[in-house]
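Reproduced below: coords26.cif, with mmCIF, C-alpha atoms.
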data_start
loop_
_atom_site.label_atom_id
_atom_site.label_comp_id
_atom_site.auth_asym_id
_atom_site.auth_seq_id
_atom_site.Cartn_x
_atom_site.Cartn_y
_atom_site.Cartn_z
CA GLU R 21 -64.02 -15.52 -67.21
CA ALA R 22 -64.74 -13.45 -70.32
CA TYR R 23 -67.85 -11.27 -70.28
CA PRO R 24 -70.73 -13.29 -71.80
CA SER R 25 -71.95 -10.82 -74.41
CA SER R 26 -75.34 -11.57 -75.92
CA HIS R 27 -73.62 -11.14 -79.32
CA ASP R 28 -70.92 -13.77 -78.76
CA ARG R 29 -72.54 -16.20 -81.21
CA CYS R 30 -73.65 -13.49 -83.65
CA PRO R 31 -70.55 -11.83 -85.13
CA SER R 32 -70.81 -8.83 -87.41
CA ARG R 33 -71.33 -9.60 -91.07
CA VAL R 34 -69.32 -6.54 -92.11
CA ALA R 35 -66.12 -7.36 -94.04
CA PHE R 36 -63.62 -5.28 -92.06
CA ARG R 37 -60.15 -4.50 -93.43
CA LEU R 38 -57.10 -3.93 -91.26
CA PRO R 39 -56.70 -0.26 -90.27
CA LEU R 40 -52.91 0.00 -90.80
CA GLU R 41 -50.68 -0.42 -93.82
CA GLY R 42 -47.62 -2.64 -93.81
CA PRO R 43 -47.00 -5.47 -91.36
CA PHE R 44 -47.97 -4.86 -87.74
CA THR R 45 -48.56 -6.85 -84.56
CA VAL R 46 -51.74 -7.62 -82.67
CA ALA R 47 -50.90 -6.60 -79.10
CA TRP R 48 -54.27 -7.80 -77.84
CA GLY R 49 -57.09 -9.51 -79.72
CA GLY R 50 -59.02 -12.76 -79.70
CA SER R 51 -61.50 -14.57 -77.50
CA THR R 52 -59.59 -15.41 -74.30
CA SER R 53 -57.81 -13.48 -71.57
CA ALA R 54 -54.49 -15.08 -72.50
CA VAL R 55 -54.48 -13.18 -75.79
CA ASN R 56 -56.83 -10.26 -75.08
CA TYR R 57 -57.03 -8.44 -71.76
CA HIS R 58 -60.22 -6.63 -72.90
CA VAL R 59 -62.41 -9.75 -72.64
CA PHE R 60 -63.67 -8.85 -69.15
CA LEU R 61 -65.15 -5.52 -70.30
CA PRO R 62 -68.77 -5.65 -71.53
CA ASP R 63 -68.38 -3.06 -74.31
CA GLN R 64 -64.84 -4.07 -75.33
CA ARG R 65 -65.28 -7.85 -75.12
CA TRP R 66 -63.91 -8.25 -78.67
CA ALA R 67 -61.53 -5.28 -78.84
CA TYR R 68 -58.14 -5.17 -80.58
CA ASP R 69 -54.99 -3.18 -79.76
CA LEU R 70 -52.59 -2.91 -82.69
CA LEU R 71 -48.97 -1.72 -82.90
CA VAL R 72 -45.71 -2.37 -84.75
CA THR R 73 -42.90 -4.51 -83.36
CA GLN R 74 -39.36 -5.52 -84.17
CA ASP R 75 -38.21 -8.71 -82.44
CA GLY R 76 -41.20 -8.45 -80.12
CA ARG R 77 -40.43 -4.90 -79.00
CA SER R 78 -42.66 -1.97 -79.87
CA PHE R 79 -40.01 0.74 -79.55
CA ALA R 80 -36.36 1.55 -80.07
CA GLY R 81 -34.08 3.25 -77.55
CA ASP R 82 -35.45 3.72 -74.06
CA GLY R 83 -39.07 4.19 -75.13
CA THR R 84 -39.54 7.51 -73.39
CA ASP R 85 -40.38 9.54 -76.51
CA PHE R 86 -43.37 9.04 -78.79
CA GLU R 87 -41.05 8.85 -81.78
CA ASP R 88 -39.32 5.82 -80.22
CA TYR R 89 -42.43 3.77 -81.02
CA PHE R 90 -42.52 2.16 -84.44
CA VAL R 91 -46.25 2.70 -84.93
CA TYR R 92 -46.39 6.33 -83.82
CA GLY R 93 -47.71 8.64 -86.53
CA GLN R 94 -48.72 5.87 -88.91
CA SER R 95 -51.87 6.43 -90.97
CA VAL R 96 -55.09 4.84 -89.74
CA PHE R 97 -57.62 3.82 -92.39
CA SER R 98 -61.31 3.10 -91.97
CA PRO R 99 -61.89 -0.63 -91.49
CA ALA R 100 -65.36 -0.34 -93.05
CA SER R 101 -67.70 2.04 -94.80
CA GLY R 102 -70.11 3.86 -92.53
CA LEU R 103 -71.51 7.03 -91.01
CA VAL R 104 -69.39 9.06 -88.57
CA PHE R 105 -71.56 9.40 -85.45
CA ALA R 106 -68.77 10.70 -83.20
CA ALA R 107 -65.36 12.31 -83.70
CA HIS R 108 -63.08 13.92 -81.16
CA ASP R 109 -59.78 15.71 -81.66
CA GLY R 110 -57.63 18.00 -79.52
CA ALA R 111 -56.80 15.69 -76.61
CA PRO R 112 -53.02 15.71 -76.04
CA ASP R 113 -50.79 12.68 -76.42
CA VAL R 114 -50.14 11.45 -72.89
CA PRO R 115 -46.43 11.34 -71.95
CA ILE R 116 -45.08 7.80 -71.74
CA GLY R 117 -45.25 6.47 -68.19
CA SER R 118 -47.42 9.29 -66.80
CA PRO R 119 -50.54 8.57 -64.71
CA ARG R 120 -53.49 7.69 -66.98
CA TRP R 121 -56.41 7.04 -64.67
CA GLY R 122 -59.15 9.62 -64.96
CA LEU R 123 -58.24 10.41 -68.55
CA SER R 124 -60.93 10.15 -71.22
CA GLY R 125 -60.75 6.54 -72.39
CA LEU R 126 -60.05 6.72 -76.11
CA GLY R 127 -58.67 10.25 -76.28
CA ASN R 128 -58.98 11.36 -79.90
CA PHE R 129 -61.24 8.89 -81.65
CA VAL R 130 -63.65 8.25 -84.50
CA GLY R 131 -66.97 6.45 -84.07
CA LEU R 132 -68.52 4.79 -87.14
CA GLU R 133 -71.94 3.24 -87.56
CA VAL R 134 -70.96 0.38 -89.87
CA SER R 135 -74.29 -1.45 -89.90
CA SER R 136 -77.65 -1.18 -88.17
CA GLY R 137 -76.96 -1.33 -84.42
CA GLU R 138 -73.20 -1.78 -84.91
CA PHE R 139 -70.89 1.00 -83.77
CA LEU R 140 -67.11 0.86 -84.29
CA PHE R 141 -64.74 2.92 -82.12
CA ILE R 142 -61.19 3.71 -83.31
CA GLY R 143 -59.13 5.40 -80.60
CA HIS R 144 -55.88 6.89 -79.22
CA LEU R 145 -55.30 9.01 -82.35
CA GLN R 146 -52.73 11.80 -82.61
CA PRO R 147 -54.03 15.28 -81.78
CA GLY R 148 -54.70 17.34 -84.88
CA SER R 149 -54.84 14.30 -87.14
CA VAL R 150 -58.53 13.36 -87.14
CA SER R 151 -59.74 13.96 -90.70
CA VAL R 152 -63.50 13.34 -90.47
CA ASN R 153 -66.47 15.04 -88.84
CA VAL R 154 -69.79 13.91 -87.42
CA GLY R 155 -72.22 13.29 -90.27
CA ASP R 156 -69.57 12.33 -92.81
CA ARG R 157 -70.05 9.12 -94.76
CA VAL R 158 -66.74 7.34 -95.21
CA THR R 159 -65.71 4.48 -97.47
CA ARG R 160 -63.72 1.44 -96.46
CA GLY R 161 -60.04 2.39 -96.55
CA LYS R 162 -60.48 6.16 -96.04
CA PHE R 163 -57.78 7.94 -94.05
CA LEU R 164 -59.11 8.74 -90.55
CA GLY R 165 -56.10 10.02 -88.63
CA ARG R 166 -52.71 8.99 -87.26
CA VAL R 167 -51.67 6.68 -84.44
CA GLY R 168 -51.04 8.61 -81.24
CA ASN R 169 -51.08 8.13 -77.48
CA SER R 170 -54.11 10.17 -76.44
CA GLY R 171 -56.52 9.11 -73.71
CA ASN R 172 -55.96 6.19 -71.36
CA SER R 173 -53.11 4.67 -73.36
CA SER R 174 -50.04 2.86 -72.07
CA GLU R 175 -48.07 3.42 -75.29
CA PRO R 176 -48.79 4.49 -78.89
CA HIS R 177 -51.20 2.07 -80.56
CA VAL R 178 -54.59 2.00 -82.23
CA HIS R 179 -57.59 0.54 -80.39
CA LEU R 180 -60.71 -0.81 -82.09
CA HIS R 181 -63.89 -2.29 -80.74
CA LEU R 182 -67.42 -2.88 -82.02
CA GLN R 183 -70.44 -2.51 -79.75
CA ASP R 184 -74.23 -2.25 -79.93
CA SER R 185 -74.50 1.29 -78.53
CA LYS R 186 -73.27 4.74 -79.55
CA ARG R 187 -72.31 5.48 -75.95
CA PHE R 188 -68.74 4.67 -74.98
CA TYR R 189 -68.59 2.39 -71.89
CA PHE R 190 -72.21 1.35 -72.51
CA GLY R 191 -73.60 -1.54 -74.48
CA GLU R 192 -72.13 -4.93 -75.31
CA GLY R 193 -69.26 -5.91 -77.55
CA ILE R 194 -69.84 -7.55 -80.93
CA PRO R 195 -67.28 -10.00 -82.41
CA PHE R 196 -65.83 -8.82 -85.72
CA TYR R 197 -63.45 -10.31 -88.24
CA PHE R 198 -60.85 -8.87 -90.57
CA HIS R 199 -60.97 -10.02 -94.19
CA GLU R 200 -58.33 -10.76 -96.82
CA TYR R 201 -55.09 -10.33 -94.90
CA GLU R 202 -51.74 -12.07 -94.60
CA SER R 203 -50.65 -13.54 -91.28
CA ASP R 204 -47.77 -15.64 -89.98
CA SER R 205 -49.55 -18.70 -91.34
CA GLY R 206 -50.40 -17.30 -94.78
CA PHE R 207 -53.46 -15.75 -96.44
CA VAL R 208 -56.59 -15.42 -94.30
CA ALA R 209 -59.96 -14.86 -96.00
CA SER R 210 -61.67 -14.01 -92.71
CA GLY R 211 -60.20 -14.22 -89.24
CA MET R 212 -59.73 -12.84 -85.74
CA PRO R 213 -55.97 -12.45 -85.22
CA LYS R 214 -54.73 -13.10 -81.70
CA GLY R 215 -52.57 -10.97 -79.46
CA GLY R 216 -50.43 -11.80 -76.47
CA LYS R 217 -47.48 -10.67 -74.41
CA ARG R 218 -44.73 -12.68 -72.74
CA GLY R 219 -42.74 -10.62 -70.29
CA GLU R 220 -41.85 -7.41 -72.08
CA LEU R 221 -42.24 -8.89 -75.56
CA TYR R 222 -45.35 -8.87 -77.72
CA VAL R 223 -45.97 -12.33 -79.15
CA GLY R 224 -49.27 -11.75 -80.97
CA GLN R 225 -49.80 -12.44 -84.64
CA ARG R 226 -48.15 -10.27 -87.27
CA VAL R 227 -50.61 -9.33 -89.98
CA GLU R 228 -50.80 -7.21 -93.12
CA GLN R 229 -53.66 -6.30 -95.43
CA ALA R 230 -53.49 -8.37 -98.61
CA VAL R 231 -53.32 -6.55 -101.92
CA PRO R 232 -56.65 -7.16 -103.70
CA SER R 233 -56.36 -9.22 -106.87
CA PRO R 234 -57.39 -7.33 -110.01
CA PHE R 235 -59.52 -10.38 -110.82
CA SER R 236 -61.23 -10.46 -107.43
CA SER R 237 -64.94 -9.80 -107.11
CA VAL R 238 -64.21 -7.96 -103.86
CA VAL R 239 -64.35 -4.19 -104.14
CA GLY R 240 -60.88 -2.71 -103.73
CA ASP R 241 -60.00 -0.44 -100.82
CA SER R 242 -60.09 3.29 -101.36
CA GLU R 243 -57.57 5.50 -99.67
#

What would the structure in this file look like if it were written as structure tokens?
Amino acid sequence: EAYPSSHDRCPSRVAFRLPLEGPFTVAWGGSTSAVNYHVFLPDQRWAYDLLVTQDGRSFAGDGTDFEDYFVYGQSVFSPASGLVFAAHDGAPDVPIGSPRWGLSGLGNFVGLEVSSGEFLFIGHLQPGSVSVNVGDRVTRGKFLGRVGNSGNSSEPHVHLHLQDSKRFYFGEGIPFYFHEYESDSGFVASGMPKGGKRGELYVGQRVEQAVPSPFSSVVGDSE
């Protein structure tokens, strides 16, 4: 059963944007264990793992090198405006297939306070790429770093989760929705895209941030 967070029926009101440009795949995300293996973890109950696929595969060749992975090195943009309360850089990318247990969970990461009592973690960034510091105020769409494989990561991807505490591994997860994006089924004003894996293939939704209309009342993303 999924962890029964006290926030399950009170999702964030923040209008999050997708953190990657171009089409990408939701490896894990959503409300059930079939589409999101994080659901058992109190702090990461509503987490997402995002990567890029071609025909369900996340890499070319034999997948032993970071550069084999389609998402590796892609720019990561801030999903929301907020205050940087934590930022870590300098953790190495973990070689593909090497033991991961005991490694610092998110490796290189950025922590953003996006609303009162709401703390967003963005992790597994490339060493040397983190572009913000504690105390910075960032706008929605600001460049934060690049996708890497630092921390306890099985392959290059970006991890996001929202919780009610600044302390990683503590607190409870808060549901959050992405706004104004394109999915397999068309334009989505606000939604929680689902992940999933079948055998070795990722079968989660493919999504892409929609280009804001010049006539929209929504503030455009800054980059």

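We find CA of Phe198 (chain R) and CA of Gly216 (chain R) to be spaced 17.8 Å apart.
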
Contacts of region 72-82 of chain R within 12 Å, only C-alpha atoms, excl. fewer than 5 positions in-chain, as a VMD selection string: chain R and resid 40 to 47 87 to 94 116 to 117 167 174 to 178 215 to 228

field: For Thr52 (chain R), the nearest of the candidates R:Gly165, R:Pro24, R:Gly211, R:Gly148, counting all atoms listed in the file
entry: R:Pro24

query: When the PyMOL selection byres ((chain R and resi 38) around 7) is applied to the file above, which residues end up in the set, as a PyMOL selection string?
result: chain R and resi 36-37+39-40+99+198+229

Counting only C-alpha atoms, select every polymer residue within 12 Å of (-71.9, 11.8, -82.4) as defined in the file's coordinates, and provide the selection as a CSV table (one decimal) with C-alpha atoms, in the frame of the given file.
chain,number,residue,atom,x,y,z
R,103,LEU,CA,-71.5,7.0,-91.0
R,104,VAL,CA,-69.4,9.1,-88.6
R,105,PHE,CA,-71.6,9.4,-85.4
R,106,ALA,CA,-68.8,10.7,-83.2
R,107,ALA,CA,-65.4,12.3,-83.7
R,108,HIS,CA,-63.1,13.9,-81.2
R,129,PHE,CA,-61.2,8.9,-81.6
R,130,VAL,CA,-63.6,8.2,-84.5
R,131,GLY,CA,-67.0,6.4,-84.1
R,132,LEU,CA,-68.5,4.8,-87.1
R,133,GLU,CA,-71.9,3.2,-87.6
R,139,PHE,CA,-70.9,1.0,-83.8
R,141,PHE,CA,-64.7,2.9,-82.1
R,152,VAL,CA,-63.5,13.3,-90.5
R,153,ASN,CA,-66.5,15.0,-88.8
R,154,VAL,CA,-69.8,13.9,-87.4
R,155,GLY,CA,-72.2,13.3,-90.3
R,156,ASP,CA,-69.6,12.3,-92.8
R,185,SER,CA,-74.5,1.3,-78.5
R,186,LYS,CA,-73.3,4.7,-79.6
R,187,ARG,CA,-72.3,5.5,-76.0
R,188,PHE,CA,-68.7,4.7,-75.0

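The gap separating CA of Tyr68 (chain R) from CA of Val158 (chain R) is 21.1 Å, in Å to one decimal.
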
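Using all atoms listed in the file, the smallest distance between any of R:Ile194, R:Val55, R:Leu180, R:Leu126 and Cys30 (chain R) comes from R:Ile194.
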
Centre and size of axis-aligned box enclosing region 195-201 of chain R plus 5 Å each side, as JSON:
{"center_x": -61.2, "center_y": -9.8, "center_z": -89.6, "size_x": 22.2, "size_y": 11.9, "size_z": 24.4}

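Comparing R:Ser135, R:Gln146, R:Thr84, R:Ser95 by their smallest distance to Phe163 (chain R), the closest is R:Ser95 (using all atoms listed in the file).
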
- request: Go ahead and compute the interatomic distance for CA of Gly168 (chain R) and CA of Arg65 (chain R), in Å to one decimal.
  value: 22.6 Å

message: Can you pull out the residues contacting Ala35 (chain R)? Cut-off 8 Å, using only C-alpha atoms, and skip same-chain residues under 5 positions away; I want them as number ranges by chain.
response: R: 100, 197-199

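Comparing the minimum interatomic distances between Ser98 (chain R) and each of R:Val134, R:Leu61, R:Leu71, R:Leu164, counting all atoms listed in the file, we find that R:Leu164 sits nearest.
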
Picked residues, the PyMOL selection byres ((chain R and resi 182) around 9), as a list in words: Ser32, Asp63, Gln64, Arg65, Trp66, Ala67, Glu138, Phe139, Leu140, Phe141, Leu180, His181, Gln183, Asp184, Ser185, Glu192, Gly193, Ile194, Pro195 and Phe196 of chain R

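Of the residues listed (R:Phe86, R:Gly110, R:Pro62, R:His144), R:Pro62 shows the shortest atom-to-atom separation from Phe190 (chain R); distances use all atoms listed in the file.
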
Write out as a short mmCIF file (atom, residue, chain, number, x, y, z; two decimals) with C-alpha atoms, in the frame of the given file each polymer residue whose atoms come within 8 Å of Gly125 (chain R), counting all atoms listed in the file; drop sequence neighbours fewer than 6 positions from it.
data_model
loop_
_atom_site.label_atom_id
_atom_site.label_comp_id
_atom_site.auth_asym_id
_atom_site.auth_seq_id
_atom_site.Cartn_x
_atom_site.Cartn_y
_atom_site.Cartn_z
CA GLY R 171 -56.52 9.11 -73.71
CA ASN R 172 -55.96 6.19 -71.36
CA SER R 173 -53.11 4.67 -73.36
#

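With only the atoms specified (only C-alpha atoms) counting, those residues at most 8 Å away from (-56.5, -12.1, -74.8) are Trp48, Gly49, Gly50, Ser51, Thr52, Ser53, Ala54, Val55, Asn56, Tyr57, His58, Val59, Lys214, Gly215 and Gly216 of chain R.
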
Selected residues written out with C-alpha atoms, as a PDB file, in the frame of the given file:
ATOM      1  CA  TRP R  48     -54.270  -7.800 -77.840  1.00  0.00           C
ATOM      2  CA  GLY R  49     -57.090  -9.510 -79.720  1.00  0.00           C
ATOM      3  CA  GLY R  50     -59.020 -12.760 -79.700  1.00  0.00           C
ATOM      4  CA  SER R  51     -61.500 -14.570 -77.500  1.00  0.00           C
ATOM      5  CA  THR R  52     -59.590 -15.410 -74.300  1.00  0.00           C
ATOM      6  CA  SER R  53     -57.810 -13.480 -71.570  1.00  0.00           C
ATOM      7  CA  ALA R  54     -54.490 -15.080 -72.500  1.00  0.00           C
ATOM      8  CA  VAL R  55     -54.480 -13.180 -75.790  1.00  0.00           C
ATOM      9  CA  ASN R  56     -56.830 -10.260 -75.080  1.00  0.00           C
ATOM     10  CA  TYR R  57     -57.030  -8.440 -71.760  1.00  0.00           C
ATOM     11  CA  HIS R  58     -60.220  -6.630 -72.900  1.00  0.00           C
ATOM     12  CA  VAL R  59     -62.410  -9.750 -72.640  1.00  0.00           C
ATOM     13  CA  LYS R 214     -54.730 -13.100 -81.700  1.00  0.00           C
ATOM     14  CA  GLY R 215     -52.570 -10.970 -79.460  1.00  0.00           C
ATOM     15  CA  GLY R 216     -50.430 -11.800 -76.470  1.00  0.00           C
TER      16      GLY R 216
END

Produce region 218-231 of chain R of the given structure as output with all heavy atoms, as a JSON list (two decimals), in the first residue's frame.
[["chain", "number", "residue", "atom", "x", "y", "z"],
["R", 218, "ARG", "N", 7.92, -1.85, -18.20],
["R", 218, "ARG", "CA", 7.50, -3.21, -18.54],
["R", 218, "ARG", "C", 8.72, -3.95, -19.06],
["R", 218, "ARG", "O", 9.21, -3.67, -20.15],
["R", 218, "ARG", "CB", 6.39, -3.17, -19.59],
["R", 218, "ARG", "CG", 5.75, -4.52, -19.88],
["R", 218, "ARG", "CD", 4.55, -4.35, -20.81],
["R", 218, "ARG", "NE", 3.51, -3.49, -20.23],
["R", 218, "ARG", "CZ", 2.98, -2.46, -20.86],
["R", 218, "ARG", "NH1", 3.38, -2.13, -22.08],
["R", 218, "ARG", "NH2", 2.04, -1.73, -20.27],
["R", 219, "GLY", "N", 9.23, -4.85, -18.25],
["R", 219, "GLY", "CA", 10.49, -5.50, -18.60],
["R", 219, "GLY", "C", 11.61, -4.47, -18.55],
["R", 219, "GLY", "O", 11.81, -3.79, -17.55],
["R", 220, "GLU", "N", 12.34, -4.35, -19.65],
["R", 220, "GLU", "CA", 13.43, -3.38, -19.73],
["R", 220, "GLU", "C", 13.00, -2.07, -20.36],
["R", 220, "GLU", "O", 13.82, -1.16, -20.53],
["R", 220, "GLU", "CB", 14.60, -3.98, -20.54],
["R", 220, "GLU", "CG", 15.24, -5.20, -19.89],
["R", 220, "GLU", "CD", 15.80, -4.87, -18.51],
["R", 220, "GLU", "OE1", 16.51, -3.86, -18.38],
["R", 220, "GLU", "OE2", 15.51, -5.63, -17.56],
["R", 221, "LEU", "N", 11.74, -1.96, -20.73],
["R", 221, "LEU", "CA", 11.27, -0.78, -21.45],
["R", 221, "LEU", "C", 10.45, 0.14, -20.56],
["R", 221, "LEU", "O", 9.58, -0.31, -19.81],
["R", 221, "LEU", "CB", 10.42, -1.20, -22.66],
["R", 221, "LEU", "CG", 11.10, -2.07, -23.71],
["R", 221, "LEU", "CD1", 10.12, -2.39, -24.83],
["R", 221, "LEU", "CD2", 12.35, -1.40, -24.26],
["R", 222, "TYR", "N", 10.72, 1.43, -20.68],
["R", 222, "TYR", "CA", 9.92, 2.43, -19.97],
["R", 222, "TYR", "C", 8.64, 2.70, -20.77],
["R", 222, "TYR", "O", 8.71, 2.94, -21.98],
["R", 222, "TYR", "CB", 10.71, 3.73, -19.79],
["R", 222, "TYR", "CG", 11.82, 3.60, -18.79],
["R", 222, "TYR", "CD1", 13.15, 3.46, -19.19],
["R", 222, "TYR", "CD2", 11.54, 3.61, -17.42],
["R", 222, "TYR", "CE1", 14.17, 3.33, -18.26],
["R", 222, "TYR", "CE2", 12.56, 3.48, -16.48],
["R", 222, "TYR", "CZ", 13.86, 3.34, -16.91],
["R", 222, "TYR", "OH", 14.87, 3.21, -15.99],
["R", 223, "VAL", "N", 7.52, 2.64, -20.09],
["R", 223, "VAL", "CA", 6.23, 2.80, -20.78],
["R", 223, "VAL", "C", 5.43, 3.97, -20.21],
["R", 223, "VAL", "O", 4.24, 4.10, -20.47],
["R", 223, "VAL", "CB", 5.40, 1.50, -20.69],
["R", 223, "VAL", "CG1", 6.10, 0.37, -21.44],
["R", 223, "VAL", "CG2", 5.14, 1.10, -19.23],
["R", 224, "GLY", "N", 6.09, 4.84, -19.42],
["R", 224, "GLY", "CA", 5.42, 5.99, -18.85],
["R", 224, "GLY", "C", 5.08, 7.03, -19.91],
["R", 224, "GLY", "O", 5.49, 6.92, -21.08],
["R", 225, "GLN", "N", 4.34, 8.04, -19.51],
["R", 225, "GLN", "CA", 3.91, 9.08, -20.44],
["R", 225, "GLN", "C", 5.10, 9.90, -20.95],
["R", 225, "GLN", "O", 6.05, 10.17, -20.22],
["R", 225, "GLN", "CB", 2.90, 10.01, -19.76],
["R", 225, "GLN", "CG", 1.54, 9.39, -19.56],
["R", 225, "GLN", "CD", 0.56, 10.41, -19.01],
["R", 225, "GLN", "OE1", 0.58, 10.71, -17.82],
["R", 225, "GLN", "NE2", -0.29, 10.95, -19.87],
["R", 226, "ARG", "N", 5.00, 10.27, -22.23],
["R", 226, "ARG", "CA", 5.94, 11.21, -22.82],
["R", 226, "ARG", "C", 5.32, 12.59, -22.74],
["R", 226, "ARG", "O", 4.16, 12.78, -23.12],
["R", 226, "ARG", "CB", 6.25, 10.83, -24.27],
["R", 226, "ARG", "CG", 7.17, 9.62, -24.38],
["R", 226, "ARG", "CD", 7.25, 9.12, -25.80],
["R", 226, "ARG", "NE", 7.76, 10.12, -26.74],
["R", 226, "ARG", "CZ", 9.06, 10.36, -26.98],
["R", 226, "ARG", "NH1", 9.98, 9.67, -26.32],
["R", 226, "ARG", "NH2", 9.43, 11.26, -27.86],
["R", 227, "VAL", "N", 6.09, 13.54, -22.24],
["R", 227, "VAL", "CA", 5.56, 14.88, -22.01],
["R", 227, "VAL", "C", 6.55, 15.93, -22.49],
["R", 227, "VAL", "O", 7.74, 15.66, -22.67],
["R", 227, "VAL", "CB", 5.25, 15.11, -20.51],
["R", 227, "VAL", "CG1", 4.13, 14.19, -20.04],
["R", 227, "VAL", "CG2", 6.49, 14.88, -19.65],
["R", 228, "GLU", "N", 6.04, 17.14, -22.69],
["R", 228, "GLU", "CA", 6.88, 18.26, -23.11],
["R", 228, "GLU", "C", 6.20, 19.54, -22.69],
["R", 228, "GLU", "O", 4.98, 19.69, -22.84],
["R", 228, "GLU", "CB", 7.06, 18.23, -24.63],
["R", 228, "GLU", "CG", 7.94, 19.35, -25.16],
["R", 228, "GLU", "CD", 8.21, 19.23, -26.66],
["R", 228, "GLU", "OE1", 7.58, 18.36, -27.31],
["R", 228, "GLU", "OE2", 9.05, 19.99, -27.18],
["R", 229, "GLN", "N", 6.98, 20.49, -22.17],
["R", 229, "GLN", "CA", 6.41, 21.76, -21.76],
["R", 229, "GLN", "C", 5.82, 22.48, -22.96],
["R", 229, "GLN", "O", 6.45, 22.57, -24.00],
["R", 229, "GLN", "CB", 7.48, 22.64, -21.10],
["R", 229, "GLN", "CG", 6.95, 23.89, -20.44],
["R", 229, "GLN", "CD", 6.12, 23.58, -19.19],
["R", 229, "GLN", "OE1", 6.44, 22.66, -18.45],
["R", 229, "GLN", "NE2", 5.06, 24.34, -18.97],
["R", 230, "ALA", "N", 4.59, 22.96, -22.81],
["R", 230, "ALA", "CA", 3.93, 23.68, -23.90],
["R", 230, "ALA", "C", 4.53, 25.08, -24.02],
["R", 230, "ALA", "O", 4.93, 25.69, -23.03],
["R", 230, "ALA", "CB", 2.43, 23.76, -23.65],
["R", 231, "VAL", "N", 4.58, 25.58, -25.24],
["R", 231, "VAL", "CA", 5.05, 26.94, -25.46],
["R", 231, "VAL", "C", 3.93, 27.89, -25.05],
["R", 231, "VAL", "O", 2.81, 27.78, -25.56],
["R", 231, "VAL", "CB", 5.42, 27.17, -26.93],
["R", 231, "VAL", "CG1", 5.83, 28.61, -27.16],
["R", 231, "VAL", "CG2", 6.53, 26.21, -27.35]]
